[in-house]
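**Student:** Pasting a structure here, questions to come.
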Amino acid sequence: MTNTIDSPVRFDEEARATARRAYELDRKHVFHSWSAQTLIDPMTISAASGSWVWDGEGNKLLDFSSQLVNTNIGHQHPRVVQAIQEQAGRLCTIAPQYVNDARSEAARLIAEVTPGDLDQIFFTNAGAEANEYAVRMARLHTGRHKVLTAFRSYHGGSTLAVNLTGDPRRWPNDRSDSGAVHFFAPFLYRTTFHSTTEKEESDRALEHLEQMICFEGPASIAAIVLESIPGTAGIMMPPPGYLVGVRELATKYGIVFIADEVMSGFGRSGKWFAIEHSVVVPDLITFAKGVNSGYVPLGGVAISPHIAATFATKAFPGGLTYSGHPLASAAVVSTITTMRDEGIVENAATIGETVIGPALRDFSQRHASVGEVRGTGVFWAIELVTDRATREPLAPYGSSSPVMNELIAACKQRGLLPFANFNRIHVVPPCNITRADAQLGLDIIDEVLDIADARIAVGNPT
């Protein structure tokens, strides 16, 4: 594989020995997320630059995962690295009750790019905490407890956030005592509502949601939490009118509408926030990941004036030692400034419209294993099936399959680091990826889909 980016480190025998030592220590001492500890063989990453990473042996891979869909401006962007270094030399940390210029400027910049008048920012350390605190705000604002959230969603791994989540990661953690109530959001390809058009799916999903509100008791519901575009669950684009309808239902019943933009925000969808595609202003927006490309952990809640007013003279009962940490805030300031200066949000939209979208639609015509493609910006999913007519997934819901494992391995062997979940491969490179690198990654996926086609042709690929 050829490209213009050289490794930022020299992979001599000493570097490889360091990587091997890191792997040995990892397997001895590190407890990994969402994993059976003795069944995993994690890749060692020794270096990264732009849209590329290098493993412990010096093999170069194109990062089509953006790690966990968070390195929106790519790896090791020099402006952000410099901003962190300069902040570390000036002020590494300060408690959140004190003013610091990095946090203040980060809040100002975030407020500038959020839709509507969500002009106050509460900083957390991650997206799960952002969702936890947003729900806390909604409950205190309304005096209600229940929270409606969708199946096929992900809102974080902490106690409340994982109970809000609508995928199998919730199951081992759910004791039915969190106040979370799940409903079906629209997803025409696997419609719950027997719809045949996007309008039918939107209308029927909204009717279902209003029935849920009425049967659960509107006076008991504090919030509706929705990913503006669901991410890990499958990048299901909301049909036209759906989020507008959710906004109207929330207003009608006095419910706080929380838009989870942890994965979809800060350029990922080709706009600063994915909810802008629907021209809707929620009461609260939660964010993390792309706000500073994950260089230093940070998340937060953007708050509308009427929610903020609840806590104008009454203390908000919550806080974090590292809320608005100076190093993380400096990374936010540099990230947003860099995204503006370099047109990174616009690049994400253009790459989606002119490179990724056309290529994936072509895949859906040529590859028997592709059931559907969907997305926007640099936020796409390829739905893989064993049979287009029955739409049988290439891996069961909540699990993988031998053929999916083979496809992931084939991507890595060809120099591509993919993001895969259940029966899907997601196309989620950095927002500033070049046309050439995007096309290179798509060409690799095209080759790998030939393998999927061959497996389903011989039957029983799962």
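Every chain in the structure tokens takes a letter, A first, then B, and so on in the order presented; its residues are numbered from 1, and the ligands are numbered from 1 following the presented order.
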Skipping near chain neighbours, those fewer than 3 positions away, what residues fall within 9 Å of A:Tyr154 using only C-alpha atoms, listed as JSON, numbers by chain?

**Tutor:** {"A": [150, 151, 157, 161, 162, 164, 165, 166, 167, 169, 227, 230, 231, 232, 233]}

**Student:** If we count only C-alpha atoms, what is near stretch 38-53 of chain A at a cut-off of 8 Å, once residues fewer than 2 positions away on the same chain are taken out, given as a ChimeraX atom specification?

**Tutor:** /A:5,7-9,19,22-23,35-36,55-56,58,60-64,66,73-77,429-430,433,437

**Student:** Take the residues just selected and output them with N, CA and C atoms as a JSON list (two decimals), in the first residue's frame.

**Tutor:**
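Here's the written file result.json:
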[["chain", "number", "residue", "atom", "x", "y", "z"],
["A", 5, "ILE", "N", 2.27, 9.48, 3.66],
["A", 5, "ILE", "CA", 2.53, 9.65, 5.08],
["A", 5, "ILE", "C", 3.49, 8.57, 5.55],
["A", 7, "SER", "N", 5.78, 6.79, 8.67],
["A", 7, "SER", "CA", 5.60, 6.54, 10.09],
["A", 7, "SER", "C", 6.28, 7.62, 10.92],
["A", 8, "PRO", "N", 5.61, 8.13, 11.97],
["A", 8, "PRO", "CA", 6.24, 9.14, 12.83],
["A", 8, "PRO", "C", 7.29, 8.55, 13.76],
["A", 9, "VAL", "N", 7.43, 7.22, 13.80],
["A", 9, "VAL", "CA", 8.49, 6.59, 14.60],
["A", 9, "VAL", "C", 9.24, 5.61, 13.70],
["A", 19, "ALA", "N", 7.03, -2.63, 21.69],
["A", 19, "ALA", "CA", 5.64, -2.98, 21.40],
["A", 19, "ALA", "C", 5.30, -4.35, 21.98],
["A", 22, "ALA", "N", 4.85, -3.99, 25.64],
["A", 22, "ALA", "CA", 3.56, -3.37, 25.93],
["A", 22, "ALA", "C", 2.43, -4.39, 25.86],
["A", 23, "TYR", "N", 2.49, -5.26, 24.85],
["A", 23, "TYR", "CA", 1.46, -6.29, 24.71],
["A", 23, "TYR", "C", 1.49, -7.25, 25.90],
["A", 35, "SER", "N", -15.30, -7.15, 27.13],
["A", 35, "SER", "CA", -14.54, -8.29, 26.60],
["A", 35, "SER", "C", -14.47, -9.43, 27.61],
["A", 36, "ALA", "N", -14.44, -10.65, 27.09],
["A", 36, "ALA", "CA", -14.02, -11.80, 27.87],
["A", 36, "ALA", "C", -12.50, -11.81, 27.84],
["A", 55, "ASP", "N", 0.85, -0.54, 13.62],
["A", 55, "ASP", "CA", 0.80, -1.53, 14.67],
["A", 55, "ASP", "C", 2.21, -1.77, 15.23],
["A", 56, "GLY", "N", 2.31, -2.69, 16.18],
["A", 56, "GLY", "CA", 3.57, -2.91, 16.87],
["A", 56, "GLY", "C", 4.68, -3.44, 16.01],
["A", 58, "GLY", "N", 5.04, -2.29, 12.90],
["A", 58, "GLY", "CA", 5.30, -1.27, 11.90],
["A", 58, "GLY", "C", 4.40, -1.35, 10.68],
["A", 60, "LYS", "N", 1.27, -0.50, 8.51],
["A", 60, "LYS", "CA", 0.46, 0.72, 8.39],
["A", 60, "LYS", "C", -0.97, 0.36, 8.03],
["A", 61, "LEU", "N", -1.94, 0.96, 8.73],
["A", 61, "LEU", "CA", -3.35, 0.70, 8.46],
["A", 61, "LEU", "C", -4.09, 2.04, 8.34],
["A", 62, "LEU", "N", -4.99, 2.11, 7.36],
["A", 62, "LEU", "CA", -5.86, 3.26, 7.20],
["A", 62, "LEU", "C", -7.00, 3.16, 8.21],
["A", 63, "ASP", "N", -7.12, 4.18, 9.05],
["A", 63, "ASP", "CA", -8.08, 4.12, 10.16],
["A", 63, "ASP", "C", -9.47, 4.55, 9.68],
["A", 64, "PHE", "N", -10.25, 3.57, 9.25],
["A", 64, "PHE", "CA", -11.63, 3.83, 8.81],
["A", 64, "PHE", "C", -12.62, 3.71, 9.97],
["A", 66, "SER", "N", -11.90, 5.74, 12.86],
["A", 66, "SER", "CA", -11.62, 6.91, 13.72],
["A", 66, "SER", "C", -11.55, 6.47, 15.17],
["A", 73, "ILE", "N", -10.63, 14.98, 13.65],
["A", 73, "ILE", "CA", -9.61, 15.72, 12.90],
["A", 73, "ILE", "C", -8.37, 14.87, 12.68],
["A", 74, "GLY", "N", -8.52, 13.56, 12.80],
["A", 74, "GLY", "CA", -7.41, 12.66, 12.56],
["A", 74, "GLY", "C", -6.46, 12.59, 13.75],
["A", 75, "HIS", "N", -5.45, 11.78, 13.59],
["A", 75, "HIS", "CA", -4.47, 11.55, 14.66],
["A", 75, "HIS", "C", -3.38, 12.61, 14.64],
["A", 76, "GLN", "N", -3.00, 13.04, 15.83],
["A", 76, "GLN", "CA", -1.81, 13.87, 16.04],
["A", 76, "GLN", "C", -1.82, 15.16, 15.21],
["A", 77, "HIS", "N", -2.97, 15.80, 15.12],
["A", 77, "HIS", "CA", -3.01, 17.06, 14.38],
["A", 77, "HIS", "C", -2.06, 18.04, 15.07],
["A", 429, "PRO", "N", -14.33, 7.29, 8.67],
["A", 429, "PRO", "CA", -12.96, 7.80, 8.75],
["A", 429, "PRO", "C", -12.95, 9.20, 9.37],
["A", 430, "PRO", "N", -11.78, 9.76, 9.63],
["A", 430, "PRO", "CA", -11.72, 11.14, 10.11],
["A", 430, "PRO", "C", -12.42, 12.11, 9.16],
["A", 433, "ILE", "N", -10.34, 13.42, 6.17],
["A", 433, "ILE", "CA", -9.70, 12.46, 5.29],
["A", 433, "ILE", "C", -9.64, 13.00, 3.87],
["A", 437, "ASP", "N", -7.35, 8.96, 0.15],
["A", 437, "ASP", "CA", -7.38, 7.97, 1.23],
["A", 437, "ASP", "C", -8.76, 7.37, 1.37]]

**Student:** Which residue out of A:Asn347, A:Leu209, A:Gln85, A:Asp6 has the minimum interatomic distance to A:Trp54 when only C-alpha atoms are used?

**Tutor:**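 Among the listed residues, the smallest separation from A:Trp54 belongs to A:Asp6.
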
**Student:** Pick out each residue of stretch 251-424 of chain A that DSSP on the backbone tags as strand (DSSP E or B); I need them as number ranges by chain.

**Tutor:** A: 256-260, 284-287, 299-303, 370-376, 379-387, 392-393, 416-417, 419-421, 424

**Student:** Would you please give, as a PyMOL selection string, all residues of stretch 183-232 of chain A that DSSP assigns to helix (DSSP H, G or I) based on the backbone?

**Tutor:** chain A and resi 188-190+198-216+218-220

**Student:** So that I have them on file, write out the residues from the current selection with C-alpha atoms, as a tab-separated table (two decimals), in the first residue's frame.

**Tutor:**
chain	number	residue	atom	x	y	z
A	188	LEU	CA	-37.47	1.46	7.42
A	189	TYR	CA	-35.13	-1.32	6.31
A	190	ARG	CA	-36.14	-3.42	9.33
A	198	GLU	CA	-40.22	6.80	4.74
A	199	LYS	CA	-43.33	8.89	5.38
A	200	GLU	CA	-45.25	5.88	6.63
A	201	GLU	CA	-42.34	4.90	8.86
A	202	SER	CA	-42.05	8.41	10.31
A	203	ASP	CA	-45.80	8.81	10.88
A	204	ARG	CA	-46.21	5.37	12.44
A	205	ALA	CA	-43.14	5.74	14.63
A	206	LEU	CA	-44.45	9.08	15.93
A	207	GLU	CA	-47.87	7.54	16.57
A	208	HIS	CA	-46.17	4.74	18.50
A	209	LEU	CA	-44.13	7.23	20.53
A	210	GLU	CA	-47.20	9.26	21.46
A	211	GLN	CA	-48.99	6.08	22.51
A	212	MET	CA	-46.00	5.20	24.70
A	213	ILE	CA	-46.13	8.65	26.29
A	214	CYS	CA	-49.85	8.36	26.98
A	215	PHE	CA	-49.71	4.81	28.33
A	216	GLU	CA	-46.66	5.51	30.51
A	218	PRO	CA	-47.07	12.06	30.47
A	219	ALA	CA	-46.83	13.54	33.97
A	220	SER	CA	-44.25	10.88	34.89

**Student:** Here is a test: counting only C-alpha atoms, which residue of A:Arg152, A:Arg391, A:His141, A:His426 is nearest to A:Pro305?

**Tutor:**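 For A:Pro305, the nearest of the given residues is A:His141.
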
**Student:** Give me the residues within 10 Å of stretch 420-422 of chain A as a PyMOL selection string, counting only C-alpha atoms and dropping any in the same chain fewer than 4 places off.

**Tutor:** chain A and resi 65+232-234+381-384+393-401+404-405+407-408+426-427

**Student:** Go ahead and write the selection's residues with C-alpha atoms as a short mmCIF file (atom, residue, chain, number, x, y, z; two decimals), in the first residue's frame.

**Tutor:**
data_model
loop_
_atom_site.label_atom_id
_atom_site.label_comp_id
_atom_site.auth_asym_id
_atom_site.auth_seq_id
_atom_site.Cartn_x
_atom_site.Cartn_y
_atom_site.Cartn_z
CA SER A 65 -12.94 3.60 12.38
CA THR A 232 -23.01 2.24 16.99
CA ALA A 233 -26.52 0.85 16.56
CA GLY A 234 -26.38 1.23 12.79
CA ALA A 381 -23.09 1.88 7.50
CA ILE A 382 -23.09 -1.11 5.16
CA GLU A 383 -25.79 -3.60 6.19
CA LEU A 384 -24.61 -7.11 5.28
CA PRO A 393 -28.35 -10.49 8.62
CA LEU A 394 -24.84 -11.80 8.07
CA ALA A 395 -24.48 -12.04 11.86
CA PRO A 396 -27.24 -12.37 14.45
CA TYR A 397 -28.39 -9.32 16.39
CA GLY A 398 -26.09 -8.78 19.34
CA SER A 399 -23.33 -11.05 18.07
CA SER A 400 -20.84 -11.71 15.29
CA SER A 401 -20.34 -14.69 12.98
CA MET A 404 -18.00 -11.32 9.77
CA ASN A 405 -14.81 -12.18 11.64
CA LEU A 407 -14.23 -9.95 6.71
CA ILE A 408 -12.73 -7.90 9.55
CA HIS A 426 -19.29 1.22 9.24
CA VAL A 427 -17.44 3.73 7.09
#

**Student:** Here is a test: counting only C-alpha atoms, which residue of A:Ile445, A:Cys431, A:Leu226, A:Ser178 is nearest to A:Phe419?

**Tutor:**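 The closest residue to A:Phe419 is A:Ile445.
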
**Student:** Given the choices A:Lys271, A:His145, A:Arg388, A:His155, which gets closest to A:Arg340 if the distance is worked out from only C-alpha atoms?

**Tutor:** A:Lys271

**Student:** Select, from A:Val373, A:Val246, A:Val280, A:Ala330, the residue with the minimum atom-to-atom distance to A:Thr114, counting only C-alpha atoms.

**Tutor:** A:Val280

**Student:** My list of candidates is A:Asn131, A:Ser304, A:Asn59, A:Thr337. Which is closest to A:Asn163 when distances are computed with only C-alpha atoms?

**Tutor:**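 The closest residue to A:Asn163 is A:Asn131.
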
**Student:** Fewer than 2 positions away in the same chain doesn't count, so skip those; otherwise give me all residues within 6 Å of A:Thr149, counting only C-alpha atoms, as a VMD selection string.

**Tutor:** chain A and resid 182 224 to 225

**Student:** Could you please take those selected residues and save C-alpha atoms as a PDB file, in the first residue's frame?

**Tutor:**
ATOM      1  CA  HIS A 182     -37.690   1.892  25.575  1.00  0.00           C
ATOM      2  CA  ILE A 224     -36.957  11.710  25.650  1.00  0.00           C
ATOM      3  CA  VAL A 225     -33.353  10.837  24.795  1.00  0.00           C
TER       4      VAL A 225
END
